[in-house]
file upload.cif (mmCIF, C-alpha atoms and all ligand atoms)
data_entry
#
loop_
_atom_site.label_atom_id
_atom_site.label_comp_id
_atom_site.auth_asym_id
_atom_site.auth_seq_id
_atom_site.Cartn_x
_atom_site.Cartn_y
_atom_site.Cartn_z
CA MET R 1 49.83 -2.86 126.17
CA SER R 2 48.26 -6.24 126.52
CA PHE R 3 44.68 -7.34 126.97
CA PRO R 4 43.48 -9.27 130.02
CA PRO R 5 44.03 -13.02 129.53
CA LEU R 6 41.21 -14.65 127.61
CA VAL R 7 41.31 -17.91 129.57
CA GLU R 8 41.49 -18.79 133.25
CA PRO R 9 44.35 -21.12 134.22
CA ALA R 10 43.76 -24.85 134.57
CA ALA R 11 44.07 -26.17 138.13
CA GLU R 12 47.42 -27.83 137.56
CA LEU R 13 49.90 -29.27 135.07
CA THR R 14 50.84 -32.95 135.31
CA VAL R 15 54.48 -34.01 135.67
CA GLU R 16 54.39 -35.07 132.04
CA GLU R 17 53.12 -31.65 130.99
CA VAL R 18 55.78 -29.83 133.01
CA ARG R 19 58.44 -31.89 131.23
CA ARG R 20 56.94 -31.30 127.80
CA TYR R 21 56.40 -27.56 128.14
CA SER R 22 59.56 -26.72 130.10
CA ARG R 23 60.83 -24.29 127.41
CA HIS R 24 57.62 -22.30 127.84
CA LEU R 25 57.64 -22.52 131.62
CA ILE R 26 61.06 -20.88 131.93
CA ILE R 27 59.93 -17.82 129.93
CA PRO R 28 58.90 -15.40 132.67
CA ASP R 29 56.02 -13.90 130.62
CA VAL R 30 54.49 -17.34 130.04
CA GLY R 31 55.48 -19.35 133.08
CA MET R 32 53.28 -21.82 134.91
CA ALA R 33 50.25 -19.51 134.83
CA GLY R 34 50.48 -18.95 131.06
CA GLN R 35 50.88 -22.66 130.33
CA LYS R 36 47.89 -23.46 132.55
CA ARG R 37 45.85 -20.94 130.57
CA LEU R 38 46.88 -22.66 127.31
CA LYS R 39 45.86 -26.00 128.82
CA ASN R 40 42.41 -24.61 129.58
CA ALA R 41 42.05 -22.88 126.19
CA ARG R 42 39.66 -23.98 123.44
CA VAL R 43 40.71 -22.80 119.98
CA LEU R 44 38.89 -23.51 116.72
CA VAL R 45 40.89 -23.49 113.49
CA ILE R 46 38.79 -23.03 110.37
CA GLY R 47 40.35 -24.95 107.52
CA ALA R 48 43.15 -27.53 107.71
CA GLY R 49 44.76 -26.10 104.58
CA GLY R 50 47.66 -23.75 103.91
CA LEU R 51 47.25 -21.59 107.01
CA GLY R 52 45.46 -24.18 109.11
CA SER R 53 48.30 -26.72 108.78
CA PRO R 54 51.04 -24.75 110.59
CA ALA R 55 48.44 -23.17 112.88
CA LEU R 56 47.11 -26.53 114.07
CA MET R 57 50.58 -28.03 114.48
CA TYR R 58 51.93 -25.16 116.59
CA LEU R 59 48.77 -24.78 118.65
CA ALA R 60 49.03 -28.50 119.45
CA ALA R 61 52.74 -28.35 120.20
CA ALA R 62 52.17 -25.32 122.44
CA GLY R 63 49.73 -27.28 124.57
CA VAL R 64 46.42 -25.60 123.72
CA GLY R 65 44.17 -28.06 125.54
CA THR R 66 41.22 -28.27 123.15
CA ILE R 67 41.70 -27.75 119.43
CA GLY R 68 38.77 -27.74 117.00
CA VAL R 69 39.29 -28.49 113.32
CA ALA R 70 36.54 -27.25 111.00
CA GLU R 71 37.23 -28.77 107.60
CA PHE R 72 35.07 -30.72 105.14
CA ASP R 73 37.51 -31.20 102.25
CA GLU R 74 39.73 -34.16 101.36
CA VAL R 75 43.50 -34.20 100.90
CA ASP R 76 44.55 -33.70 97.29
CA GLU R 77 48.05 -34.18 95.91
CA SER R 78 48.23 -30.47 95.01
CA ASN R 79 47.75 -29.61 98.72
CA LEU R 80 51.02 -31.19 99.82
CA GLN R 81 53.19 -28.31 98.50
CA ARG R 82 52.10 -26.27 101.53
CA GLN R 83 49.59 -28.14 103.73
CA ILE R 84 52.26 -29.80 105.82
CA ILE R 85 49.93 -31.36 108.38
CA HIS R 86 49.01 -33.90 105.65
CA GLY R 87 51.32 -36.45 104.03
CA GLN R 88 51.51 -38.62 100.94
CA SER R 89 49.53 -41.46 102.53
CA ASP R 90 46.71 -39.04 103.43
CA ILE R 91 45.77 -38.30 99.80
CA GLY R 92 42.05 -38.93 99.44
CA ARG R 93 41.40 -38.92 103.21
CA PRO R 94 39.25 -36.28 104.93
CA LYS R 95 41.57 -33.43 105.90
CA ALA R 96 40.02 -33.17 109.35
CA GLU R 97 40.90 -36.81 110.13
CA SER R 98 44.39 -36.47 108.69
CA ALA R 99 44.95 -33.33 110.79
CA ARG R 100 43.65 -35.08 113.93
CA ASP R 101 46.10 -37.96 113.41
CA SER R 102 49.05 -35.62 112.85
CA ILE R 103 48.21 -33.67 116.00
CA ALA R 104 48.11 -36.91 118.00
CA GLN R 105 51.69 -37.53 116.86
CA ILE R 106 52.83 -34.01 117.80
CA ASN R 107 51.12 -33.88 121.20
CA PRO R 108 48.88 -36.66 122.54
CA LEU R 109 48.06 -34.55 125.60
CA VAL R 110 45.70 -32.22 123.71
CA THR R 111 42.10 -32.97 122.74
CA VAL R 112 41.06 -32.60 119.12
CA VAL R 113 37.43 -31.98 118.17
CA VAL R 114 36.66 -32.58 114.50
CA HIS R 115 33.94 -30.57 112.77
CA PRO R 116 33.79 -32.30 109.38
CA GLU R 117 30.87 -30.24 108.07
CA ARG R 118 30.95 -27.06 106.00
CA LEU R 119 30.41 -24.06 108.28
CA ASP R 120 27.26 -22.20 107.28
CA ASN R 121 24.64 -19.93 108.78
CA ASP R 122 22.85 -22.91 110.33
CA ASN R 123 25.77 -24.21 112.39
CA VAL R 124 28.42 -21.48 112.70
CA LEU R 125 27.10 -19.90 115.91
CA ASP R 126 26.71 -23.29 117.61
CA VAL R 127 30.21 -24.39 116.63
CA PHE R 128 31.88 -21.07 117.56
CA GLY R 129 30.05 -21.03 120.87
CA GLY R 130 32.21 -23.88 122.15
CA TYR R 131 35.48 -21.96 121.77
CA ASP R 132 37.42 -19.10 123.37
CA LEU R 133 39.13 -17.99 120.17
CA ILE R 134 38.95 -18.67 116.44
CA VAL R 135 41.84 -18.93 113.98
CA ASP R 136 40.54 -18.22 110.49
CA GLY R 137 42.45 -20.03 107.77
CA THR R 138 39.75 -19.83 105.09
CA ASP R 139 40.50 -18.82 101.53
CA ASN R 140 37.20 -17.37 100.35
CA PHE R 141 35.44 -14.10 101.02
CA ALA R 142 31.99 -15.51 101.79
CA THR R 143 33.35 -17.56 104.71
CA ARG R 144 35.55 -14.69 105.94
CA TYR R 145 32.60 -12.34 106.28
CA MET R 146 30.54 -15.05 107.94
CA VAL R 147 33.36 -15.75 110.43
CA ASN R 148 33.69 -12.04 111.19
CA ASP R 149 30.00 -11.54 111.76
CA ALA R 150 29.52 -14.72 113.82
CA ALA R 151 32.54 -13.91 116.03
CA PHE R 152 31.17 -10.40 116.54
CA PHE R 153 27.70 -11.59 117.54
CA LEU R 154 29.26 -14.00 120.06
CA GLY R 155 31.94 -11.54 121.26
CA ILE R 156 34.72 -14.05 120.46
CA PRO R 157 38.09 -12.76 119.20
CA TYR R 158 39.54 -14.25 116.06
CA VAL R 159 42.87 -14.18 114.33
CA TRP R 160 42.67 -13.72 110.59
CA GLY R 161 45.26 -14.44 107.92
CA SER R 162 45.40 -14.27 104.15
CA ILE R 163 47.96 -15.37 101.59
CA TYR R 164 48.52 -14.94 97.85
CA ARG R 165 51.68 -15.70 95.87
CA PHE R 166 54.38 -13.90 97.95
CA ASP R 167 52.09 -11.61 99.96
CA GLY R 168 50.49 -12.23 103.31
CA GLN R 169 48.33 -10.31 105.76
CA ALA R 170 47.31 -10.98 109.33
CA SER R 171 45.29 -9.26 112.01
CA ALA R 172 43.25 -10.01 115.11
CA PHE R 173 39.65 -8.86 115.32
CA TRP R 174 37.83 -8.46 118.60
CA PRO R 175 35.30 -5.72 117.95
CA THR R 176 33.59 -5.98 121.30
CA ALA R 177 36.89 -5.19 123.06
CA THR R 178 38.40 -1.82 123.93
CA LEU R 179 41.82 -1.13 122.38
CA ALA R 180 44.70 -1.67 124.78
CA ASP R 181 46.50 1.52 123.69
CA GLY R 182 44.88 3.62 126.41
CA SER R 183 42.78 5.58 123.89
CA GLY R 184 39.55 4.02 125.09
CA ALA R 185 38.57 3.41 121.46
CA GLU R 186 36.76 0.24 120.50
CA ALA R 187 38.55 -2.33 118.33
CA PRO R 188 37.62 -2.65 114.64
CA CYS R 189 36.22 -5.68 112.82
CA TYR R 190 37.11 -7.16 109.42
CA ARG R 191 34.31 -5.14 107.82
CA CYS R 192 35.87 -1.92 109.19
CA LEU R 193 39.00 -2.84 107.20
CA TYR R 194 37.24 -4.33 104.16
CA PRO R 195 33.62 -3.04 104.07
CA GLU R 196 32.87 -4.73 100.74
CA PRO R 197 34.18 -7.91 99.19
CA PRO R 198 36.15 -7.33 95.97
CA PRO R 199 34.10 -7.56 92.76
CA PRO R 200 33.75 -11.20 91.73
CA GLY R 201 36.54 -12.28 89.41
CA MET R 202 38.80 -9.34 90.33
CA VAL R 203 40.81 -11.06 93.05
CA PRO R 204 42.13 -14.44 91.97
CA SER R 205 42.13 -17.22 94.56
CA CYS R 206 45.29 -19.16 95.40
CA ALA R 207 43.88 -21.97 93.23
CA GLU R 208 43.92 -19.55 90.29
CA GLY R 209 46.94 -17.39 91.11
CA GLY R 210 49.15 -19.66 93.16
CA VAL R 211 50.83 -19.30 96.53
CA LEU R 212 54.39 -19.85 97.69
CA GLY R 213 54.09 -22.82 100.03
CA VAL R 214 56.36 -21.47 102.76
CA LEU R 215 54.34 -18.24 102.92
CA CYS R 216 51.69 -20.30 104.75
CA ALA R 217 54.19 -20.96 107.54
CA ALA R 218 55.03 -17.26 107.87
CA ILE R 219 51.41 -16.18 108.21
CA GLY R 220 50.09 -19.28 110.00
CA SER R 221 52.75 -18.93 112.69
CA ILE R 222 51.89 -15.24 113.16
CA GLN R 223 48.28 -16.34 113.72
CA VAL R 224 49.34 -18.82 116.41
CA ASN R 225 51.61 -16.21 117.97
CA GLU R 226 48.65 -13.82 118.24
CA ALA R 227 46.38 -16.57 119.55
CA ILE R 228 48.85 -17.42 122.34
CA LYS R 229 49.18 -13.72 123.26
CA LEU R 230 45.41 -13.29 123.50
CA LEU R 231 44.86 -16.54 125.42
CA THR R 232 47.54 -15.75 128.01
CA GLY R 233 47.27 -11.95 128.06
CA ILE R 234 50.86 -11.18 127.11
CA GLY R 235 52.42 -8.76 124.62
CA GLU R 236 50.58 -6.45 122.27
CA PRO R 237 48.20 -8.39 120.02
CA LEU R 238 47.38 -7.34 116.46
CA VAL R 239 43.94 -6.10 117.54
CA GLY R 240 43.47 -2.81 115.67
CA ARG R 241 46.56 -3.39 113.55
CA LEU R 242 47.13 -5.04 110.18
CA MET R 243 50.37 -6.90 109.51
CA ILE R 244 51.47 -6.93 105.87
CA TYR R 245 54.24 -9.31 104.85
CA ASP R 246 56.14 -9.23 101.55
CA ALA R 247 58.20 -12.39 101.17
CA LEU R 248 60.08 -11.15 98.09
CA GLU R 249 61.26 -7.92 99.71
CA MET R 250 61.38 -9.62 103.14
CA GLU R 251 59.46 -6.81 104.71
CA TYR R 252 56.89 -6.70 107.51
CA ARG R 253 54.77 -3.58 107.81
CA LYS R 254 52.10 -2.72 110.36
CA LEU R 255 49.16 -0.42 109.72
CA LYS R 256 46.71 0.92 112.26
CA VAL R 257 43.13 -0.15 111.61
CA ARG R 258 40.47 2.01 113.19
CA LYS R 259 36.88 1.20 113.90
CA ASP R 260 34.69 2.61 111.12
CA PRO R 261 31.72 4.46 112.66
CA ALA R 262 29.83 3.64 109.45
CA CYS R 263 30.66 -0.09 109.65
CA ALA R 264 27.60 -2.14 108.66
CA LEU R 265 28.27 -4.55 111.54
CA CYS R 266 29.99 -2.81 114.45
CA GLY R 267 29.31 0.85 113.54
CA GLU R 268 26.88 3.31 115.04
CA ASN R 269 23.92 2.37 112.84
CA PRO R 270 24.47 -1.26 111.94
CA THR R 271 22.54 -2.75 109.04
CA VAL R 272 23.91 -6.27 109.54
CA THR R 273 22.14 -7.39 112.69
CA GLY R 274 22.18 -11.13 112.01
CA LEU R 275 23.90 -13.57 109.69
CA ILE R 276 23.26 -12.70 106.01
CA ASP R 277 23.42 -14.58 102.71
CA TYR R 278 27.20 -14.49 102.27
CA ASP R 279 27.28 -16.17 98.85
CA THR R 280 25.03 -13.46 97.47
CA PHE R 281 26.95 -10.74 99.33
CA CYS R 282 30.24 -11.89 97.81
CA GLY R 283 28.82 -13.12 94.51
CA ALA R 284 30.43 -16.14 92.89
CA ILE R 285 30.63 -14.28 89.58
CA SER R 286 29.59 -10.77 88.54
CA ASP R 287 26.05 -10.08 87.36
CA ALA R 288 27.32 -9.35 83.83
CA ALA R 289 29.17 -12.68 83.72
CA ALA R 290 26.16 -14.55 85.12
CA ASP R 291 23.92 -12.97 82.45
CA ALA R 292 26.40 -13.81 79.68
CA ALA R 293 26.80 -17.39 80.85
CA ALA R 294 23.05 -18.05 81.14
CA GLY R 295 22.15 -20.30 78.20
CA HIS R 296 25.69 -19.96 76.84
CA THR R 297 27.50 -22.55 78.96
CA ILE R 298 28.51 -25.92 77.52
CA SER R 299 29.75 -29.00 79.38
CA VAL R 300 33.11 -30.65 78.81
CA SER R 301 31.29 -33.61 77.20
CA GLN R 302 29.68 -31.23 74.72
CA LEU R 303 33.08 -29.69 74.05
CA ASP R 304 34.61 -33.13 73.56
CA LEU R 305 31.96 -33.89 70.94
CA MET R 306 32.46 -30.50 69.26
CA LEU R 307 36.22 -31.08 69.05
CA LYS R 308 35.64 -34.46 67.36
CA GLU R 309 33.24 -32.85 64.90
CA ARG R 310 35.81 -30.14 64.18
CA GLU R 311 38.41 -32.82 63.51
CA ASN R 312 36.04 -34.45 60.99
CA GLY R 313 35.42 -31.13 59.29
CA GLU R 314 31.78 -31.12 60.40
CA ARG R 315 31.99 -27.81 62.23
CA ASP R 316 34.31 -24.88 62.85
CA PHE R 317 34.98 -22.92 66.02
CA VAL R 318 37.85 -21.36 67.95
CA LEU R 319 38.63 -22.70 71.42
CA VAL R 320 40.26 -20.01 73.57
CA ASP R 321 41.95 -20.67 76.93
CA VAL R 322 41.83 -17.45 78.97
CA ARG R 323 44.18 -18.66 81.74
CA GLU R 324 47.77 -17.51 82.25
CA PRO R 325 50.73 -18.99 80.31
CA ASN R 326 52.10 -20.86 83.35
CA GLU R 327 48.73 -22.54 83.88
CA PHE R 328 48.68 -23.51 80.18
CA GLU R 329 52.04 -25.23 80.79
CA ILE R 330 50.50 -27.49 83.43
CA ASN R 331 47.54 -28.83 81.48
CA ARG R 332 45.38 -27.86 78.53
CA ILE R 333 42.46 -28.86 76.39
CA PRO R 334 43.85 -30.04 73.03
CA GLY R 335 43.33 -27.51 70.25
CA ALA R 336 42.94 -24.51 72.58
CA VAL R 337 44.75 -21.26 71.87
CA LEU R 338 45.93 -19.14 74.78
CA VAL R 339 44.61 -15.58 75.15
CA PRO R 340 44.87 -14.58 78.85
CA LYS R 341 41.97 -12.78 80.51
CA GLY R 342 44.01 -9.58 80.84
CA GLU R 343 43.91 -9.21 77.05
CA PHE R 344 40.13 -9.32 77.14
CA LEU R 345 40.14 -6.61 79.79
CA ASN R 346 42.47 -4.31 77.78
CA GLY R 347 40.79 -5.07 74.44
CA THR R 348 43.76 -6.65 72.63
CA ALA R 349 42.15 -10.11 72.70
CA LEU R 350 39.68 -9.13 69.98
CA GLU R 351 42.54 -8.67 67.49
CA LYS R 352 43.46 -12.34 67.96
CA LEU R 353 39.93 -13.67 67.39
CA PRO R 354 38.11 -14.11 64.09
CA PRO R 355 36.07 -10.98 63.36
CA VAL R 356 32.41 -11.05 64.36
CA ASP R 357 31.20 -11.05 60.73
CA ALA R 358 33.28 -14.16 59.93
CA GLY R 359 30.61 -16.14 61.79
CA THR R 360 33.13 -18.43 63.51
CA GLN R 361 31.93 -19.47 66.93
CA VAL R 362 34.23 -18.67 69.87
CA VAL R 363 34.38 -21.12 72.79
CA LEU R 364 36.09 -19.89 75.96
CA HIS R 365 37.44 -21.84 78.90
CA CYS R 366 39.58 -21.22 81.98
CA LYS R 367 40.40 -23.31 85.05
CA SER R 368 36.95 -23.53 86.60
CA GLY R 369 34.59 -21.33 84.58
CA VAL R 370 34.75 -18.05 86.53
CA ARG R 371 37.27 -16.15 84.40
CA SER R 372 35.83 -17.51 81.15
CA ALA R 373 32.37 -16.24 82.17
CA GLU R 374 33.84 -12.76 82.75
CA CYS R 375 35.51 -12.87 79.31
CA LEU R 376 32.27 -14.16 77.76
CA ALA R 377 30.50 -11.01 78.98
CA ILE R 378 33.14 -8.92 77.19
CA LEU R 379 32.73 -10.93 73.97
CA LYS R 380 28.94 -10.59 74.09
CA GLY R 381 29.40 -6.83 74.44
CA ALA R 382 31.57 -6.89 71.29
CA GLY R 383 28.85 -8.64 69.29
CA TYR R 384 29.90 -12.31 69.50
CA ASP R 385 26.34 -13.46 70.08
CA ASP R 386 26.93 -17.20 69.68
CA ALA R 387 30.05 -17.35 71.89
CA VAL R 388 29.90 -19.87 74.74
CA HIS R 389 32.09 -20.88 77.66
CA VAL R 390 32.87 -24.25 79.19
CA GLY R 391 31.35 -24.86 82.63
CA GLY R 392 33.91 -26.30 85.04
CA GLY R 393 36.80 -25.43 82.71
CA VAL R 394 39.96 -27.48 82.47
CA VAL R 395 39.33 -28.93 85.95
CA ALA R 396 36.21 -30.66 84.66
CA TRP R 397 38.05 -31.63 81.45
CA VAL R 398 40.80 -33.41 83.39
CA ASN R 399 38.33 -35.04 85.79
CA GLN R 400 35.85 -36.26 83.20
CA ILE R 401 37.59 -36.49 79.84
CA ASP R 402 41.36 -36.74 80.22
CA PRO R 403 42.55 -37.96 83.64
CA SER R 404 46.03 -38.53 82.20
CA GLN R 405 46.74 -34.81 82.59
CA PRO R 406 47.78 -33.33 85.94
CA SER R 407 45.34 -31.16 87.88
CA TYR R 408 46.39 -28.15 89.94
ZN ZN B 501 33.31 -3.11 111.92
#

call {"tool": "encode", "arguments": {"input": "upload.cif", "output": "structure tokens"}}
result
Amino acid sequence: MSFPPLVEPAAELTVEEVRRYSRHLIIPDVGMAGQKRLKNARVLVIGAGGLGSPALMYLAAAGVGTIGVAEFDEVDESNLQRQIIHGQSDIGRPKAESARDSIAQINPLVTVVVHPERLDNDNVLDVFGGYDLIVDGTDNFATRYMVNDAAFFLGIPYVWGSIYRFDGQASAFWPTATLADGSGAEAPCYRCLYPEPPPPGMVPSCAEGGVLGVLCAAIGSIQVNEAIKLLTGIGEPLVGRLMIYDALEMEYRKLKVRKDPACALCGENPTVTGLIDYDTFCGAISDAAADAAAGHTISVSQLDLMLKERENGERDFVLVDVREPNEFEINRIPGAVLVPKGEFLNGTALEKLPPVDAGTQVVLHCKSGVRSAECLAILKGAGYDDAVHVGGGVVAWVNQIDPSQPSY
């Protein structure tokens, strides 16, 4: 069963619009009324990245009249493997501007509103307030919870998607709505599905773990599909259901998601009654890692100096790269030995390091400094009191010390 259409139809379509959207107009479920609703619709896409790229392109092609792009980042070469709204000549440009230009090529009849600032507690309600529906293409937990809470407070539905390697998920959250299945039950929110963010460092990001580029198209197009259904009131949207996609097995599964009466946001006794500190809620790194890293973090310049001193025989230490072997293939800090984080977690890493009583300092690094801080906490627990990790990891090394190596 469908929901009532989210948007009232525009007064009319121009001759040009009728020509352009004719393949929609001849679908009975969409028709003239559905296309007029799309013309009147205002949809905000958060992020012009992996999910945002296909989402923005298909929303534009479909004739969604006003499309917002919330994105503050710039186009990097490593984005082009999946962020197909940007091209080679866009490298270094603001993603929001690049996306706006691509949309103008796809469909000049739609209006693009650029929000080039980072969405935060100070602006998110204002920005969301100008839209009928949100498409969430963010890749971090702090923003996801903020989007969920802000959409709930404003009563705006949003379509969520997530991707990692070969796995994708999508759903639509509209917790102020009643489910369309005739049960009379209220729809769940993202917090009903995921009450707590995962412990920091436990779930790798796509930047750490990778993502198959074409997976973005599979999930991003599902998000647009759901957006169109909600805007025009057709079909059965993913409200109250979670879509799970496995690209390797080529399998789509759907799970029912129920409202959690104990949900901190939309439950019976809510404790989240306004926007909260999402960075603290999600924690950039665990408390143990933060404690271990305090006073035991060196910069890449310090490491560079230490490596030169080691070469001259002035000091001795072991530099350990805790990333995965395939990351080590892409770039590395010279002289580092690879011991992946998993070996720290299962204890086998200690067998590969000099014993504590040998007095040899251990220096850890990873891609950005999150995983190495987690491993540092483990080393401290094993008695390596003078161990340190490298803030910013190999990303900072490539940026500041050795730009000849590729970044990823
Ligand atoms: Zn909830």

call {"tool": "residues_around", "arguments": {"input": "upload.cif", "residues": "Asp136 in chain R", "least_positions_apart": "5", "cutoff": "9 Å", "atoms": "only C-alpha atoms", "output": "MDAnalysis selection string"}}
result
chainID R and resid 44:47 51:52 144 147 158:162 223

call {"tool": "residues_near_ligand", "arguments": {"input": "upload.cif", "ligand": "ligand ZN 501 (chain B)", "cutoff": "10 Å", "atoms": "all atoms listed in the file", "output": "PyMOL selection string"}}
result
chain R and resi 148-149+152+173-176+186-195+258-268+270

call {"tool": "residues_around", "arguments": {"input": "upload.cif", "residues": "Lys36 in chain R", "least_positions_apart": "5", "cutoff": "7 Å", "atoms": "all atoms listed in the file", "output": "tab-separated table (two decimals) with C-alpha atoms, in the frame of the given file"}}
result
chain	number	residue	atom	x	y	z
R	9	PRO	CA	44.35	-21.12	134.22
R	10	ALA	CA	43.76	-24.85	134.57
R	12	GLU	CA	47.42	-27.83	137.56
R	13	LEU	CA	49.90	-29.27	135.07

call {"tool": "closest_residue", "arguments": {"input": "upload.cif", "among": "R:Val300, R:Asn123, R:Leu305, R:Lys341", "to": "Val398 in chain R", "atoms": "all atoms listed in the file"}}
result
R:Val300

call {"tool": "residues_around", "arguments": {"input": "upload.cif", "residues": "Leu125 in chain R", "least_positions_apart": "4", "cutoff": "8 Å", "atoms": "all atoms listed in the file", "output": "mmCIF file with C-alpha atoms, keeping the file's coordinate frame"}}
result
data_model
loop_
_atom_site.group_PDB
_atom_site.id
_atom_site.type_symbol
_atom_site.label_atom_id
_atom_site.label_comp_id
_atom_site.auth_asym_id
_atom_site.auth_seq_id
_atom_site.Cartn_x
_atom_site.Cartn_y
_atom_site.Cartn_z
ATOM 1 C CA ASN R 121 24.640 -19.930 108.780
ATOM 2 C CA GLY R 129 30.050 -21.030 120.870
ATOM 3 C CA ALA R 150 29.520 -14.720 113.820
ATOM 4 C CA LEU R 154 29.260 -14.000 120.060
#

call {"tool": "residues_around", "arguments": {"input": "upload.cif", "residues": "Ser299 in chain R", "least_positions_apart": "5", "cutoff": "8 Å", "atoms": "all atoms listed in the file", "output": "PDB file with C-alpha atoms, in the frame of the given file"}}
result
ATOM      1  CA  VAL R 390      32.870 -24.250  79.190  1.00  0.00           C
ATOM      2  CA  GLY R 391      31.350 -24.860  82.630  1.00  0.00           C
ATOM      3  CA  GLY R 392      33.910 -26.300  85.040  1.00  0.00           C
TER       4      GLY R 392
END

call {"tool": "residues_around", "arguments": {"input": "upload.cif", "residues": "Gly168 in chain R", "least_positions_apart": "6", "cutoff": "7 Å", "atoms": "only C-alpha atoms", "output": "JSON, numbers by chain"}}
result
{"R": [162, 219, 244, 245, 246]}

call {"tool": "closest_residue", "arguments": {"input": "upload.cif", "among": "R:Thr273, R:Gln81, R:Ser171, R:Asn312", "to": "Glu236 in chain R", "atoms": "all atoms listed in the file"}}
result
R:Ser171

call {"tool": "atom_distance", "arguments": {"input": "upload.cif", "atom1": "CA of Glu17 in chain R", "atom2": "CA of Thr111 in chain R"}}
result
13.8 Å

call {"tool": "residues_near_point", "arguments": {"input": "upload.cif", "point": "(34.6, -32.3, 118.6)", "cutoff": "10 Å", "atoms": "only C-alpha atoms", "output": "ChimeraX atom specification"}}
result
/R:44,66-70,111-116,127,130

call {"tool": "closest_residue", "arguments": {"input": "upload.cif", "among": "R:Ala358, R:Ile378, R:Asn331, R:Ile156", "to": "Glu343 in chain R", "atoms": "only C-alpha atoms"}}
result
R:Ile378

call {"tool": "closest_residue", "arguments": {"input": "upload.cif", "among": "R:Ala142, R:Leu25, R:Ala396, R:Leu231", "to": "Val43 in chain R", "atoms": "all atoms listed in the file"}}
result
R:Leu231

call {"tool": "residues_near_point", "arguments": {"input": "upload.cif", "point": "(47.3, -36.5, 126.0)", "cutoff": "12 Å", "atoms": "only C-alpha atoms", "output": "ChimeraX atom specification"}}
result
/R:13-14,16-17,20,39,60-61,63-66,103-112

call {"tool": "closest_residue", "arguments": {"input": "upload.cif", "among": "R:Tyr384, R:Tyr408, R:Phe128, R:Tyr145", "to": "Asp279 in chain R", "atoms": "only C-alpha atoms"}}
result
R:Tyr145

call {"tool": "closest_residue", "arguments": {"input": "upload.cif", "among": "R:Ala336, R:Arg93, R:Gly209, R:Val239", "to": "Glu324 in chain R", "atoms": "all atoms listed in the file"}}
result
R:Gly209

call {"tool": "atom_distance", "arguments": {"input": "upload.cif", "atom1": "CA of Thr271 in chain R", "atom2": "CA of Ile285 in chain R"}}
result
24.0 Å

call {"tool": "atom_distance", "arguments": {"input": "upload.cif", "atom1": "CA of Phe166 in chain R", "atom2": "CA of Glu249 in chain R"}}
result
9.3 Å
